[in-house]
Amino acid sequence: MEKDIIIKELSEKINNVKSIQELNDVKVEYTGKKGIITELQNGIKDAVDKKEYGMTLNEIKNAFNDAFNKKQEELNNLEINKKLESEKIDITLPATELPVGAPSILEKVIEDFEDVFMSMGYDVVDGPELEEDRFNFELLGLPKGHPARDAQDTFYVKGDELLMRSHTSPVQARTMLAKGGKEPVRIICPGKAYRRDDDDATHSHQFTQIEGLIVDKDIKLSDLKGTVTVICKRLFGEDTVTRFRPSYYQFTEPSVEMDISCFNCKGKGCNICKNTGWITIGGAGVVHYDVLKGCGYDPSIWSGFAFGFGAERCAMLKYGISDIRTFYNVDLREVKSFDRKDSE
Ligand code: DAH
């Protein structure tokens, strides 16, 4: 047996392989059923000096195994390096920016209102934006020809009976009528309202109000003050002070204007509160006798209070937004700066 020749040959063959597949072919060539080493193994029975033969055979086998293992490792490493090379991640590259949405700031303010009112037992209800004159005006103490209608001029659809609601207050009348004058009412209704206005930084022909109504027995102005005070503290901070100024609405008597102490300057005076220390956030009052009666509630048994907050106004003040059109322009560059404001 030409041991040295065989070892030289197998070493060369193994050294020259370029892939695991080729390496396995060589393995079959040597150790397969008809392989060179297998044949040599079979030849032991005819050997004259079996011991000598066995030792030489072992040398060949070892040489094969050593060369095979070395090559296998080498090829495996090559494979891994190739993979690493192709999957290389450059961690110094700037990350790809993923467009992540955020709640609209106006929507968020409305949801905050809803959360606080719901925790006080109020239901959130809806009403139509295309409204009947009867609900928008008449049942609220504004008969046709009433001068106060001028301040709430809106978009009329088909004659003068159907209009885009000029406030969310018609939901008060709708809710009371639906309850049939028999059950207490405790609702808020956030929603869109419309007015014939020239749009500018503080006026929009479409805007959002958060209407509220409670009807029950023995409801007084002090209940309104208490409720609004708690709500404002929860929404604008515990140190918020509320103030009520006499006002006039046709559907409440007495009527008030609701102010809160400026959360920016805490009442000292700044540009947000126009140096007054106070910010007006809506109107309210004790539900008018005629409104209760017109909507099926006996005013000698029932009483209530109502309010309307300006949602954009609250959002603008809370987040320092100076132009109401920001909410409606759908310009991401403008809106983005208010995204996730509260988590900063
Ligand atoms: N609807 C009024 C407006 O648009 C706001 C308002 C004032 C609503 C007093 C009320 C209220 O419910 O009681 O100016």
# chains A, B, ... in the order shown; residues from 1 in each chain; ligands from 1
$ residues_around --residues "region 326-330 of chain A" --least-positions-apart "4" --cutoff "9 Å" --atoms "only C-alpha atoms" --output "count of residues only"
9
$ residues_near_ligand --ligand "ligand 1" --cutoff "7 Å" --atoms "only C-alpha atoms and all ligand atoms" --output "list of chain:residue names"
A:Ser166, A:His167, A:Thr168, A:Ser169, A:Glu211, A:Gly212, A:Leu213, A:Tyr249, A:Phe251, A:Thr252, A:Ser255, A:Gly282, A:Gly283, A:Ala284, A:Gly285, A:Val286, A:Val287, A:Phe305, A:Ala306, A:Phe307, A:Gly308, A:Phe309
$ write_last_selection --atoms "all heavy atoms" --output "compact mmCIF listing (two decimals), in the first residue's frame"
# COMPACT_ATOMS: atom_id res chain seq x y z
N SER A 166 -76.42 76.25 14.77
CA SER A 166 -75.50 77.35 15.07
C SER A 166 -74.86 77.17 16.45
O SER A 166 -74.00 77.94 16.86
CB SER A 166 -76.26 78.68 15.02
OG SER A 166 -77.31 78.66 15.97
N HIS A 167 -75.32 76.16 17.16
CA HIS A 167 -74.72 75.79 18.45
C HIS A 167 -75.16 74.36 18.77
O HIS A 167 -75.98 73.79 18.04
CB HIS A 167 -75.11 76.76 19.58
CG HIS A 167 -76.58 77.06 19.71
ND1 HIS A 167 -77.10 77.88 20.67
CD2 HIS A 167 -77.66 76.64 18.98
CE1 HIS A 167 -78.42 77.96 20.54
NE2 HIS A 167 -78.78 77.22 19.52
N THR A 168 -74.60 73.78 19.82
CA THR A 168 -75.00 72.40 20.15
C THR A 168 -76.20 72.38 21.10
O THR A 168 -76.68 71.31 21.48
CB THR A 168 -73.81 71.63 20.78
OG1 THR A 168 -73.17 72.47 21.73
CG2 THR A 168 -72.82 71.17 19.74
N SER A 169 -76.70 73.56 21.47
CA SER A 169 -77.82 73.63 22.42
C SER A 169 -79.10 72.91 21.97
O SER A 169 -79.86 72.45 22.84
CB SER A 169 -78.11 75.09 22.77
OG SER A 169 -76.96 75.68 23.32
N GLU A 211 -71.62 70.83 24.70
CA GLU A 211 -72.86 71.23 25.37
C GLU A 211 -73.07 70.35 26.59
O GLU A 211 -72.65 69.19 26.59
CB GLU A 211 -74.01 71.01 24.38
CG GLU A 211 -75.32 71.58 24.81
CD GLU A 211 -75.35 73.09 24.63
OE1 GLU A 211 -74.56 73.63 23.83
OE2 GLU A 211 -76.17 73.73 25.31
N GLY A 212 -73.73 70.87 27.59
CA GLY A 212 -74.04 70.04 28.75
C GLY A 212 -75.40 70.41 29.31
O GLY A 212 -75.82 71.57 29.23
N LEU A 213 -76.09 69.42 29.83
CA LEU A 213 -77.41 69.69 30.43
C LEU A 213 -77.66 68.72 31.58
O LEU A 213 -77.41 67.51 31.45
CB LEU A 213 -78.50 69.51 29.37
CG LEU A 213 -79.96 69.54 29.90
CD1 LEU A 213 -80.33 70.95 30.35
CD2 LEU A 213 -80.93 69.05 28.84
N TYR A 249 -78.41 84.75 27.97
CA TYR A 249 -78.79 83.77 26.95
C TYR A 249 -80.30 83.59 27.04
O TYR A 249 -80.86 83.71 28.14
CB TYR A 249 -78.09 82.42 27.17
CG TYR A 249 -76.59 82.50 26.96
CD1 TYR A 249 -75.72 82.54 28.05
CD2 TYR A 249 -76.05 82.56 25.68
CE1 TYR A 249 -74.35 82.63 27.87
CE2 TYR A 249 -74.69 82.67 25.49
CZ TYR A 249 -73.84 82.70 26.58
OH TYR A 249 -72.49 82.81 26.40
N PHE A 251 -82.01 80.95 26.70
CA PHE A 251 -82.46 79.65 27.21
C PHE A 251 -82.07 79.40 28.66
O PHE A 251 -82.30 78.33 29.19
CB PHE A 251 -81.97 78.51 26.31
CG PHE A 251 -80.66 78.80 25.62
CD1 PHE A 251 -79.48 78.37 26.17
CD2 PHE A 251 -80.64 79.53 24.44
CE1 PHE A 251 -78.27 78.66 25.54
CE2 PHE A 251 -79.44 79.82 23.80
CZ PHE A 251 -78.26 79.39 24.35
N THR A 252 -81.41 80.38 29.30
CA THR A 252 -81.07 80.23 30.72
C THR A 252 -81.42 81.50 31.49
O THR A 252 -81.39 82.60 30.94
CB THR A 252 -79.55 79.94 30.89
OG1 THR A 252 -78.82 80.80 30.01
CG2 THR A 252 -79.22 78.50 30.60
N SER A 255 -78.13 83.75 33.54
CA SER A 255 -77.09 83.28 32.62
C SER A 255 -75.73 83.80 33.08
O SER A 255 -75.66 84.89 33.67
CB SER A 255 -77.36 83.79 31.21
OG SER A 255 -78.64 83.43 30.77
N GLY A 282 -66.65 79.65 28.12
CA GLY A 282 -67.99 79.27 27.66
C GLY A 282 -69.10 80.00 28.39
O GLY A 282 -68.85 80.85 29.25
N GLY A 283 -70.32 79.65 27.99
CA GLY A 283 -71.51 80.25 28.61
C GLY A 283 -72.30 79.19 29.35
O GLY A 283 -72.15 78.00 29.07
N ALA A 284 -73.14 79.62 30.29
CA ALA A 284 -73.91 78.65 31.07
C ALA A 284 -75.07 79.35 31.77
O ALA A 284 -75.23 80.57 31.67
CB ALA A 284 -73.01 77.97 32.10
N GLY A 285 -75.84 78.58 32.49
CA GLY A 285 -76.92 79.19 33.25
C GLY A 285 -77.90 78.16 33.77
O GLY A 285 -77.75 76.95 33.54
N VAL A 286 -78.92 78.67 34.47
CA VAL A 286 -79.98 77.80 34.98
C VAL A 286 -81.05 77.71 33.88
O VAL A 286 -81.46 78.75 33.34
CB VAL A 286 -80.57 78.39 36.28
CG1 VAL A 286 -81.80 77.58 36.73
CG2 VAL A 286 -79.51 78.39 37.37
N VAL A 287 -81.44 76.49 33.54
CA VAL A 287 -82.34 76.29 32.39
C VAL A 287 -83.62 77.12 32.57
O VAL A 287 -84.26 77.09 33.63
CB VAL A 287 -82.69 74.80 32.20
CG1 VAL A 287 -83.58 74.60 30.96
CG2 VAL A 287 -81.42 73.97 32.07
N PHE A 305 -79.40 72.91 35.03
CA PHE A 305 -78.44 73.90 34.50
C PHE A 305 -77.88 73.38 33.19
O PHE A 305 -77.94 72.18 32.89
CB PHE A 305 -77.34 74.25 35.51
CG PHE A 305 -76.39 73.13 35.88
CD1 PHE A 305 -75.44 72.66 34.97
CD2 PHE A 305 -76.40 72.58 37.17
CE1 PHE A 305 -74.54 71.66 35.33
CE2 PHE A 305 -75.51 71.58 37.53
CZ PHE A 305 -74.58 71.11 36.60
N ALA A 306 -77.37 74.32 32.40
CA ALA A 306 -76.81 73.96 31.09
C ALA A 306 -75.56 74.78 30.86
O ALA A 306 -75.36 75.83 31.49
CB ALA A 306 -77.83 74.25 30.00
N PHE A 307 -74.72 74.28 29.98
CA PHE A 307 -73.49 75.03 29.68
C PHE A 307 -73.02 74.68 28.27
O PHE A 307 -73.42 73.66 27.69
CB PHE A 307 -72.38 74.71 30.69
CG PHE A 307 -72.14 73.23 30.85
CD1 PHE A 307 -71.34 72.54 29.96
CD2 PHE A 307 -72.73 72.52 31.91
CE1 PHE A 307 -71.13 71.17 30.12
CE2 PHE A 307 -72.52 71.16 32.06
CZ PHE A 307 -71.71 70.48 31.16
N GLY A 308 -72.19 75.54 27.74
CA GLY A 308 -71.58 75.27 26.43
C GLY A 308 -70.15 75.76 26.46
O GLY A 308 -69.89 76.94 26.68
N PHE A 309 -69.22 74.81 26.30
CA PHE A 309 -67.80 75.18 26.26
C PHE A 309 -67.37 75.28 24.80
O PHE A 309 -67.83 74.50 23.96
CB PHE A 309 -66.92 74.10 26.91
CG PHE A 309 -67.06 73.99 28.40
CD1 PHE A 309 -67.80 72.98 28.98
CD2 PHE A 309 -66.43 74.91 29.22
CE1 PHE A 309 -67.91 72.86 30.35
CE2 PHE A 309 -66.54 74.80 30.61
CZ PHE A 309 -67.28 73.78 31.17
$ residues_around --residues "Cys189 (chain A)" --least-positions-apart "5" --cutoff "8 Å" --atoms "only C-alpha atoms" --output "list in words"
Val124, Val125, Asp126, Gly127, Thr168, Val171, Gln209, Ile210, Glu211 and Gly212 of chain A
$ select_by_dssp --residues "region 238-316 of chain A" --states "strand (DSSP E or B)" --output "JSON, numbers by chain"
{"A": [242, 243, 244, 245, 246, 247, 248, 249, 252, 253, 254, 255, 256, 257, 258, 259, 260, 261, 278, 279, 280, 281, 282, 283, 284, 285, 286, 287, 303, 304, 305, 306, 307, 308, 309, 310]}
$ closest_atom_pairs --of "region 193-258 of chain A" --to "region 134-150 of chain A" --cutoff "12 Å" --atoms "only C-alpha atoms" --output "JSON lines"
{"residue": "A:Ala193", "atom": "CA", "partner": "A:Asn136", "partner_atom": "CA", "distance": 10.7}
{"residue": "A:Tyr194", "atom": "CA", "partner": "A:Asn136", "partner_atom": "CA", "distance": 11.4}
{"residue": "A:Arg195", "atom": "CA", "partner": "A:Asp150", "partner_atom": "CA", "distance": 10.3}
{"residue": "A:Arg196", "atom": "CA", "partner": "A:Asp150", "partner_atom": "CA", "distance": 9.9}
{"residue": "A:Asp197", "atom": "CA", "partner": "A:Asp150", "partner_atom": "CA", "distance": 11.6}
{"residue": "A:Tyr248", "atom": "CA", "partner": "A:Ala148", "partner_atom": "CA", "distance": 10.1}
{"residue": "A:Tyr249", "atom": "CA", "partner": "A:Ala148", "partner_atom": "CA", "distance": 8.8}
{"residue": "A:Gln250", "atom": "CA", "partner": "A:Gly141", "partner_atom": "CA", "distance": 5.4}
{"residue": "A:Phe251", "atom": "CA", "partner": "A:Leu140", "partner_atom": "CA", "distance": 5.0}
{"residue": "A:Thr252", "atom": "CA", "partner": "A:Leu140", "partner_atom": "CA", "distance": 8.8}
{"residue": "A:Glu253", "atom": "CA", "partner": "A:Gly141", "partner_atom": "CA", "distance": 11.1}
$ write_last_selection --atoms "C-alpha atoms" --output "short mmCIF file (atom, residue, chain, number, x, y, z; two decimals), in the first residue's frame"
data_model
loop_
_atom_site.label_atom_id
_atom_site.label_comp_id
_atom_site.auth_asym_id
_atom_site.auth_seq_id
_atom_site.Cartn_x
_atom_site.Cartn_y
_atom_site.Cartn_z
CA ALA A 193 -71.60 73.95 15.06
CA TYR A 194 -71.76 76.46 12.19
CA ARG A 195 -72.07 80.23 11.84
CA ARG A 196 -71.96 82.71 9.01
CA ASP A 197 -68.57 84.12 9.94
CA TYR A 248 -77.58 86.85 28.82
CA TYR A 249 -78.79 83.77 26.95
CA GLN A 250 -82.39 83.20 25.93
CA PHE A 251 -82.46 79.65 27.21
CA THR A 252 -81.07 80.23 30.72
CA GLU A 253 -82.06 82.49 33.58
#
$ closest_residue --among "A:Lys18, A:Lys50, A:Arg186, A:His203" --to "Met118 (chain A)" --atoms "only C-alpha atoms"
A:Arg186
$ residues_around --residues "Thr202 (chain A)" --least-positions-apart "2" --cutoff "8 Å" --atoms "only C-alpha atoms" --output "list in words"
Asp199, Asp200, Ser204, Asp323 and Ile324 of chain A
$ atom_distance --atom1 "CA of Ala102 (chain A)" --atom2 "CA of Phe207 (chain A)"
20.8 Å
$ closest_residue --among "A:Ser119, A:Asn271, A:Thr227, A:Asn65" --to "Ser11 (chain A)" --atoms "only C-alpha atoms"
A:Asn65
$ residues_around --residues "region 68-73 of chain A" --least-positions-apart "3" --cutoff "8 Å" --atoms "only C-alpha atoms" --output "list in words"
Ile14, Asn15, Ile20, Leu23, Lys27, Phe64, Asn65, Asn76 and Asn77 of chain A
$ closest_residue --among "A:Arg333, A:Lys192, A:His288, A:Lys13" --to "Val26 (chain A)" --atoms "only C-alpha atoms"
A:Lys13
$ select_by_dssp --residues "region 71-299 of chain A" --states "helix (DSSP H, G or I)" --output "number ranges by chain"
A: 71-86, 105-119, 133-136, 138-140, 147-152, 170-179, 221-236, 289-294
$ residues_around --residues "Asp216 (chain A)" --least-positions-apart "2" --cutoff "10 Å" --atoms "only C-alpha atoms" --output "number ranges by chain"
A: 182-186, 214, 218-220, 297, 301-305
$ write_last_selection --atoms "C-alpha atoms" --output "mmCIF file, in the first residue's frame"
data_model
loop_
_atom_site.group_PDB
_atom_site.id
_atom_site.type_symbol
_atom_site.label_atom_id
_atom_site.label_comp_id
_atom_site.auth_asym_id
_atom_site.auth_seq_id
_atom_site.Cartn_x
_atom_site.Cartn_y
_atom_site.Cartn_z
ATOM 1 C CA LYS A 182 -90.378 62.122 33.374
ATOM 2 C CA GLU A 183 -86.726 61.251 33.949
ATOM 3 C CA PRO A 184 -83.707 63.242 35.085
ATOM 4 C CA VAL A 185 -81.221 64.227 32.345
ATOM 5 C CA ARG A 186 -77.462 64.308 32.638
ATOM 6 C CA ILE A 214 -78.586 68.408 33.754
ATOM 7 C CA ASP A 218 -83.683 70.973 43.177
ATOM 8 C CA ILE A 219 -80.853 71.924 40.806
ATOM 9 C CA LYS A 220 -79.487 75.388 41.559
ATOM 10 C CA TYR A 297 -90.710 69.165 31.908
ATOM 11 C CA ILE A 301 -90.993 69.977 39.817
ATOM 12 C CA TRP A 302 -87.870 70.004 37.658
ATOM 13 C CA SER A 303 -84.953 72.385 37.352
ATOM 14 C CA GLY A 304 -81.583 72.213 35.689
ATOM 15 C CA PHE A 305 -78.440 73.897 34.503
#
$ atom_distance --atom1 "CA of Leu10 (chain A)" --atom2 "CA of Gly54 (chain A)"
18.4 Å
